[in-house]
Amino acid sequence: MDILKFEDIIPVINEDKNYWLVRTQGGRYYDEFKSGNFIAVGWNKITLDELMDLRHHEKVIKKISNEYPERTRPVRLANQLSTFVKDIKVGDTVIIPSAGSNKITIGEVIGEPYIESVDEEKLRPDGKKPCPYQKRRRVKWIKTISKWDMDMEFFKLFKSQHTISSANDYASFIDRMMHTFYIRGNEAHLILDVTTQGKIPFDTLFPMGTEILNLAKDFNKKTGAELDLSDIEVKINVQSPGKIHLTGKVKTMMGIGFLLILLTGAEVEFDVPIVETTVNLRVESLITTVSDYLDAKQDREHDDLVLKTYMKELKVETPDELKKLMEIENNLKSNDEQKSESKSE
C-alpha cells in the first residue's frame with residue numbers, strides 16, 4: 001500500500017518560491033502550452049548557452065540588435081530571456097492566460113530549460129500551426145480558473161505586457177485560488193468559499209464569523225485544546241461568489257476547519273491510503289478531539305444551529321484538503337481497529 005506524505009494532501013508552500021506570469025502570444029499558444037505541459041519563449045536565434053553564461057550578456061544584447069533589428073529595446077528583451085532561463089526555478093509557480101485572459105491555468109515548473117526542435121510545417125491535431133518557440137521548460141499544470149472566479153485585485157497583474165512578469169505581489173491571491181487549505185511558513189491558511197449568488201447579507205456574513213469564533217472558544221474551554229485564537233487574521237473578498245480567508249497557527253486553523261466540516265455534515269468521500277505525517281502535529285488526535293466534542297456537547301445546540309444556518313444561507317464550502325486528510329485518518333483508524341479485532345479472534 002502506498003504511503004502518502006502530509007504534503008501530498010495539505011500543500012506546504014516554500015516561502016522562497018516565486019510566481020510568474022508567462023504570456024501565450026495573446027492566447028494563440030495557450031492550448032498548446034497546456035496540453036504539452038510546457039512554457040516557452042521565442043527569439044530562437046539566441047541560444048541557451050549564450051543566455052546561461054553571464055559573460056555573454058552584452059553579446060546577447062548586441063546579437064538581438066543584429067538579428068532582430070525591429071526590437072527597439074534589446075536590453076529589455078535580453079533581460080526577459082535571461083529571466084526565463086535563469087530566474088525561473090524548478091518549483092516556482094507559473095500562470096498562463098488564454099485569449100482575453102478569460103481563463104488562466106496555474107502550474108509548477110518541474111524542469112530546467114531545454115531546446116525543442118519544431119517542424120513548423122507540421123500542423124497540430126487541431127489544424128493549427130505549432131508554437132515555433134524552441135526555448136522551453138516543463139510544467140505540471142494544476143488548475144484552470146475562469147475569470148469569473150478570480151479576485152478583482154488579481155486582474156491588475158495582466159496590465160503588464162511583458163512576455164514574463166513577476167507575480168510575487170499576487171502570491172496570496174494565487175495560493176487561495178489553487179487551494180482551500182495550505183501551509184506557508186509558520187502559518188496555515190483556511191479558505192471558506194462563499195458560493196451564494198447575488199448580494200451577501202451584512203447581517204449573515206459578520207454574525208457567521210462571530211459564531212465561528214464562539215465555537216472555537218467553547219471547543220478550547222471544553223477540551224483544553226489550546227487553539228490560539230488571538231492572532232487569527234481575516235481577509236474577506238466581498239464579491240459574490242467570494243472567499244473568506246483565515247490565517248493563523250497550523251493547529252488552530254486545522255481545528256477550526258475540522259469543526260466546521262463535522263458541524264455542517266460536509267461529505268467526506270475520498271478513498272486514499274495511509275498518510276505519513278511530516279508536520280509536528282497529531283492530526284488523528286485533533287480530529288478525534290473535535291469529533292468527541294461535537295458528539296458530547298448539548299448546551300451549544302442552538303448556537304450551532306444558527307452557525308449552520310448562516311453557512312447554509314451563504315453556501316459556504318469547507319476545505320477539500322482537510323476533508324481528504326480526515327478521510328485518510330479515518331481509514332487508518334478503521335484499519336487499525338480491524339487488525340485488532342483479527343488478532344483478538
# chains A, B, ... in the order shown; residues from 1 in each chain; ligands from 1
>>> residues_around(residues="segment 116-127 of chain A", least_positions_apart="2", cutoff="12 Å", atoms="only C-alpha atoms", output="ChimeraX atom specification")
/A:29,31-32,35-36,38-42,44,47-48,113-114,129-138
>>> residues_around(residues="Glu15 of chain A", least_positions_apart="5", cutoff="12 Å", atoms="only C-alpha atoms", output="list in words")
Gly91, Asp92, Thr93, Asn168, Ala171, Ser172, Asp175, Ile183, Arg184, Gly185, Asn186 and Glu187 of chain A
>>> residues_around(residues="Val290 of chain A", least_positions_apart="4", cutoff="9 Å", atoms="only C-alpha atoms", output="VMD selection string")
chain A and resid 219 223 255 258 to 259 262 285 to 286 294 to 295
>>> closest_residue(among="A:Arg71, A:Lys62, A:Lys312, A:Lys34", to="Thr195 of chain A", atoms="only C-alpha atoms")
A:Lys312
>>> select_by_dssp(residues="segment 35-273 of chain A", states="helix (DSSP H, G or I)", output="short mmCIF file (atom, residue, chain, number, x, y, z; two decimals) with N, CA and C atoms, in the first residue's frame")
data_model
loop_
_atom_site.label_atom_id
_atom_site.label_comp_id
_atom_site.auth_asym_id
_atom_site.auth_seq_id
_atom_site.Cartn_x
_atom_site.Cartn_y
_atom_site.Cartn_z
N SER A 35 -1.68 21.59 -23.11
CA SER A 35 -1.72 20.17 -23.48
C SER A 35 -0.32 19.56 -23.56
N GLY A 36 0.67 20.41 -23.89
CA GLY A 36 2.04 19.90 -24.00
C GLY A 36 2.84 19.98 -22.71
N LEU A 48 20.56 28.91 -25.71
CA LEU A 48 20.58 28.72 -24.25
C LEU A 48 21.97 28.96 -23.68
N ASP A 49 22.98 28.48 -24.39
CA ASP A 49 24.36 28.65 -23.91
C ASP A 49 24.70 30.13 -23.76
N GLU A 50 24.27 30.92 -24.71
CA GLU A 50 24.54 32.36 -24.64
C GLU A 50 23.83 32.99 -23.45
N LEU A 51 22.63 32.53 -23.18
CA LEU A 51 21.85 33.11 -22.08
C LEU A 51 22.34 32.63 -20.72
N MET A 52 22.86 31.42 -20.65
CA MET A 52 23.29 30.88 -19.37
C MET A 52 24.61 31.49 -18.90
N LEU A 54 26.82 34.45 -18.02
CA LEU A 54 26.72 35.86 -17.70
C LEU A 54 27.69 36.72 -18.51
N ARG A 55 28.80 36.11 -18.90
CA ARG A 55 29.81 36.86 -19.65
C ARG A 55 29.30 37.25 -21.03
N HIS A 56 28.25 36.55 -21.49
CA HIS A 56 27.75 36.79 -22.84
C HIS A 56 26.58 37.77 -22.87
N HIS A 57 26.23 38.36 -21.72
CA HIS A 57 25.03 39.19 -21.68
C HIS A 57 25.12 40.36 -22.67
N GLU A 58 26.26 41.04 -22.68
CA GLU A 58 26.42 42.16 -23.61
C GLU A 58 26.41 41.66 -25.05
N LYS A 59 26.96 40.46 -25.26
CA LYS A 59 26.95 39.89 -26.61
C LYS A 59 25.52 39.55 -27.03
N VAL A 60 24.71 39.09 -26.06
CA VAL A 60 23.31 38.76 -26.36
C VAL A 60 22.56 40.02 -26.78
N ILE A 61 22.80 41.11 -26.06
CA ILE A 61 22.14 42.38 -26.40
C ILE A 61 22.52 42.81 -27.82
N LYS A 62 23.81 42.67 -28.14
CA LYS A 62 24.27 43.07 -29.48
C LYS A 62 23.69 42.15 -30.54
N LYS A 63 23.61 40.85 -30.21
CA LYS A 63 23.08 39.89 -31.18
C LYS A 63 21.60 40.14 -31.43
N ILE A 64 20.87 40.49 -30.40
CA ILE A 64 19.44 40.82 -30.57
C ILE A 64 19.29 42.01 -31.51
N SER A 65 20.15 43.02 -31.33
CA SER A 65 20.09 44.22 -32.20
C SER A 65 20.35 43.85 -33.65
N ASN A 66 21.27 42.89 -33.87
CA ASN A 66 21.63 42.50 -35.23
C ASN A 66 20.59 41.56 -35.86
N GLU A 67 20.13 40.58 -35.06
CA GLU A 67 19.23 39.56 -35.60
C GLU A 67 17.77 40.00 -35.61
N PRO A 74 16.51 46.16 -27.04
CA PRO A 74 17.21 44.87 -26.94
C PRO A 74 17.60 44.50 -25.50
N VAL A 75 17.87 45.50 -24.68
CA VAL A 75 18.25 45.21 -23.29
C VAL A 75 17.07 44.57 -22.55
N ARG A 76 15.87 45.11 -22.75
CA ARG A 76 14.69 44.55 -22.10
C ARG A 76 14.46 43.11 -22.56
N LEU A 77 14.59 42.86 -23.85
CA LEU A 77 14.40 41.50 -24.36
C LEU A 77 15.44 40.55 -23.80
N ALA A 78 16.70 41.00 -23.72
CA ALA A 78 17.76 40.16 -23.16
C ALA A 78 17.45 39.81 -21.71
N ASN A 79 16.94 40.78 -20.97
CA ASN A 79 16.59 40.53 -19.57
C ASN A 79 15.43 39.54 -19.45
N GLN A 80 14.45 39.64 -20.37
CA GLN A 80 13.32 38.71 -20.35
C GLN A 80 13.78 37.28 -20.63
N LEU A 81 14.64 37.12 -21.60
CA LEU A 81 15.15 35.79 -21.93
C LEU A 81 15.99 35.24 -20.78
N SER A 82 16.76 36.12 -20.15
CA SER A 82 17.57 35.70 -19.01
C SER A 82 16.67 35.25 -17.86
N THR A 83 15.57 35.95 -17.64
CA THR A 83 14.62 35.57 -16.60
C THR A 83 14.09 34.17 -16.85
N PHE A 84 13.71 33.88 -18.10
CA PHE A 84 13.16 32.57 -18.44
C PHE A 84 14.17 31.46 -18.17
N VAL A 85 15.42 31.72 -18.49
CA VAL A 85 16.45 30.68 -18.39
C VAL A 85 17.01 30.56 -16.99
N LYS A 86 17.24 31.69 -16.31
CA LYS A 86 17.98 31.65 -15.03
C LYS A 86 17.16 31.99 -13.79
N ASP A 87 16.22 32.91 -13.91
CA ASP A 87 15.50 33.37 -12.72
C ASP A 87 14.35 32.44 -12.35
N ALA A 99 -6.82 33.57 -24.41
CA ALA A 99 -7.16 34.77 -25.17
C ALA A 99 -8.09 35.65 -24.36
N GLY A 100 -7.75 36.92 -24.25
CA GLY A 100 -8.56 37.85 -23.48
C GLY A 100 -8.52 37.61 -21.98
N SER A 101 -7.61 36.74 -21.55
CA SER A 101 -7.49 36.37 -20.12
C SER A 101 -8.83 35.90 -19.57
N LYS A 147 -12.19 33.52 -15.40
CA LYS A 147 -12.03 34.89 -14.91
C LYS A 147 -13.13 35.26 -13.92
N TRP A 148 -14.27 34.57 -13.98
CA TRP A 148 -15.37 34.86 -13.06
C TRP A 148 -15.05 34.40 -11.64
N ASP A 149 -14.06 33.52 -11.51
CA ASP A 149 -13.68 33.00 -10.19
C ASP A 149 -12.40 33.64 -9.66
N MET A 152 -10.81 40.31 -7.96
CA MET A 152 -10.74 41.52 -8.78
C MET A 152 -9.34 42.13 -8.77
N GLU A 153 -8.68 42.11 -7.60
CA GLU A 153 -7.33 42.69 -7.50
C GLU A 153 -6.34 41.95 -8.40
N PHE A 154 -6.60 40.67 -8.63
CA PHE A 154 -5.67 39.84 -9.40
C PHE A 154 -5.57 40.32 -10.86
N PHE A 155 -6.63 40.96 -11.36
CA PHE A 155 -6.64 41.40 -12.76
C PHE A 155 -5.58 42.46 -13.04
N LYS A 156 -5.11 43.14 -12.00
CA LYS A 156 -4.05 44.15 -12.21
C LYS A 156 -2.79 43.52 -12.78
N LEU A 157 -2.57 42.24 -12.49
CA LEU A 157 -1.37 41.55 -12.97
C LEU A 157 -1.32 41.58 -14.50
N PHE A 158 -2.47 41.52 -15.16
CA PHE A 158 -2.50 41.40 -16.61
C PHE A 158 -2.25 42.72 -17.33
N LYS A 159 -2.07 43.80 -16.56
CA LYS A 159 -1.76 45.08 -17.19
C LYS A 159 -0.37 45.08 -17.81
N ASN A 168 4.83 37.87 -7.89
CA ASN A 168 5.02 37.69 -6.45
C ASN A 168 4.07 38.54 -5.61
N ASP A 169 3.71 39.72 -6.12
CA ASP A 169 2.81 40.59 -5.37
C ASP A 169 1.40 40.00 -5.28
N TYR A 170 1.13 39.00 -6.07
CA TYR A 170 -0.19 38.38 -6.09
C TYR A 170 -0.17 36.95 -5.57
N ALA A 171 0.90 36.62 -4.83
CA ALA A 171 1.07 35.24 -4.35
C ALA A 171 -0.12 34.76 -3.52
N SER A 172 -0.62 35.61 -2.62
CA SER A 172 -1.72 35.19 -1.76
C SER A 172 -2.98 34.92 -2.58
N PHE A 173 -3.21 35.73 -3.62
CA PHE A 173 -4.38 35.50 -4.48
C PHE A 173 -4.25 34.17 -5.22
N ILE A 174 -3.03 33.91 -5.71
CA ILE A 174 -2.80 32.69 -6.48
C ILE A 174 -2.94 31.45 -5.59
N ASP A 175 -2.35 31.51 -4.40
CA ASP A 175 -2.42 30.37 -3.48
C ASP A 175 -3.86 30.03 -3.13
N ARG A 176 -4.66 31.04 -2.85
CA ARG A 176 -6.02 30.75 -2.42
C ARG A 176 -6.96 30.44 -3.58
N MET A 177 -6.53 30.74 -4.81
CA MET A 177 -7.29 30.26 -5.95
C MET A 177 -7.01 28.78 -6.20
N MET A 178 -5.81 28.34 -5.80
CA MET A 178 -5.41 26.95 -6.03
C MET A 178 -5.84 26.02 -4.91
N PHE A 202 -25.27 41.56 5.00
CA PHE A 202 -24.38 42.00 6.07
C PHE A 202 -24.70 41.27 7.37
N ASP A 203 -26.01 41.10 7.65
CA ASP A 203 -26.42 40.51 8.92
C ASP A 203 -26.29 38.99 8.94
N THR A 204 -25.73 38.42 7.87
CA THR A 204 -25.42 36.99 7.84
C THR A 204 -23.92 36.76 7.87
N LEU A 205 -23.18 37.52 7.05
CA LEU A 205 -21.74 37.32 6.92
C LEU A 205 -21.00 37.55 8.23
N PHE A 206 -21.21 38.70 8.85
CA PHE A 206 -20.43 39.02 10.04
C PHE A 206 -20.86 38.25 11.28
N PRO A 207 -22.16 38.02 11.50
CA PRO A 207 -22.54 37.16 12.62
C PRO A 207 -22.00 35.73 12.46
N MET A 208 -21.86 35.26 11.21
CA MET A 208 -21.29 33.93 11.00
C MET A 208 -19.86 33.88 11.53
N GLY A 209 -19.08 34.93 11.28
CA GLY A 209 -17.72 34.97 11.79
C GLY A 209 -17.67 34.94 13.30
N THR A 210 -18.59 35.67 13.93
CA THR A 210 -18.67 35.68 15.39
C THR A 210 -19.00 34.29 15.93
N GLU A 211 -19.91 33.60 15.27
CA GLU A 211 -20.30 32.26 15.71
C GLU A 211 -19.16 31.26 15.53
N ILE A 212 -18.38 31.41 14.47
CA ILE A 212 -17.21 30.53 14.28
C ILE A 212 -16.23 30.72 15.42
N LEU A 213 -15.98 31.98 15.79
CA LEU A 213 -15.05 32.27 16.90
C LEU A 213 -15.61 31.73 18.21
N ASN A 214 -16.91 31.91 18.46
CA ASN A 214 -17.51 31.40 19.69
C ASN A 214 -17.43 29.88 19.77
N LEU A 215 -17.60 29.22 18.64
CA LEU A 215 -17.49 27.76 18.60
C LEU A 215 -16.08 27.33 18.98
N ALA A 216 -15.07 28.01 18.43
CA ALA A 216 -13.68 27.67 18.73
C ALA A 216 -13.35 27.94 20.20
N LYS A 217 -13.89 29.03 20.75
CA LYS A 217 -13.66 29.34 22.17
C LYS A 217 -14.27 28.26 23.06
N ASP A 218 -15.48 27.84 22.73
CA ASP A 218 -16.14 26.80 23.52
C ASP A 218 -15.39 25.48 23.41
N PHE A 219 -14.88 25.20 22.22
CA PHE A 219 -14.08 23.99 22.00
C PHE A 219 -12.84 24.00 22.89
N ASN A 220 -12.16 25.14 22.96
CA ASN A 220 -11.00 25.28 23.85
C ASN A 220 -11.39 25.04 25.30
N LYS A 221 -12.50 25.65 25.71
CA LYS A 221 -12.94 25.57 27.11
C LYS A 221 -13.28 24.13 27.50
N LYS A 222 -13.97 23.41 26.62
CA LYS A 222 -14.44 22.07 26.96
C LYS A 222 -13.37 21.00 26.80
N THR A 223 -12.40 21.23 25.93
CA THR A 223 -11.42 20.17 25.63
C THR A 223 -10.00 20.49 26.07
N VAL A 250 -0.98 26.62 12.60
CA VAL A 250 -1.43 25.42 11.89
C VAL A 250 -2.49 24.66 12.68
N LYS A 251 -2.22 24.38 13.96
CA LYS A 251 -3.17 23.62 14.77
C LYS A 251 -4.50 24.37 14.88
N THR A 252 -4.45 25.68 15.02
CA THR A 252 -5.67 26.48 15.16
C THR A 252 -6.52 26.41 13.91
N MET A 253 -5.90 26.61 12.76
CA MET A 253 -6.65 26.59 11.51
C MET A 253 -7.20 25.20 11.20
N MET A 254 -6.41 24.17 11.51
CA MET A 254 -6.90 22.81 11.30
C MET A 254 -8.08 22.51 12.22
N GLY A 255 -7.96 22.94 13.47
CA GLY A 255 -9.03 22.70 14.43
C GLY A 255 -10.33 23.35 13.99
N ILE A 256 -10.25 24.63 13.56
CA ILE A 256 -11.44 25.34 13.10
C ILE A 256 -12.01 24.67 11.84
N GLY A 257 -11.11 24.27 10.94
CA GLY A 257 -11.56 23.60 9.72
C GLY A 257 -12.28 22.30 10.01
N PHE A 258 -11.72 21.47 10.90
CA PHE A 258 -12.36 20.20 11.27
C PHE A 258 -13.71 20.45 11.95
N LEU A 259 -13.77 21.46 12.82
CA LEU A 259 -15.03 21.79 13.50
C LEU A 259 -16.13 22.12 12.49
N LEU A 260 -15.79 22.94 11.50
CA LEU A 260 -16.79 23.36 10.53
C LEU A 260 -17.21 22.21 9.62
N ILE A 261 -16.26 21.36 9.24
CA ILE A 261 -16.58 20.22 8.37
C ILE A 261 -17.54 19.27 9.07
N LEU A 262 -17.22 18.91 10.31
CA LEU A 262 -18.06 17.97 11.04
C LEU A 262 -19.38 18.61 11.46
N LEU A 263 -19.34 19.89 11.82
CA LEU A 263 -20.56 20.57 12.25
C LEU A 263 -21.59 20.65 11.13
N THR A 264 -21.12 20.97 9.92
CA THR A 264 -22.05 21.15 8.80
C THR A 264 -22.37 19.85 8.09
#
>>> closest_residue(among="A:Thr288, A:Ser166, A:Asn18, A:Thr318", to="Val194 of chain A", atoms="only C-alpha atoms")
A:Thr318
>>> closest_residue(among="A:Ile10, A:Leu325, A:Leu192, A:Ile232", to="Met311 of chain A", atoms="only C-alpha atoms")
A:Leu192
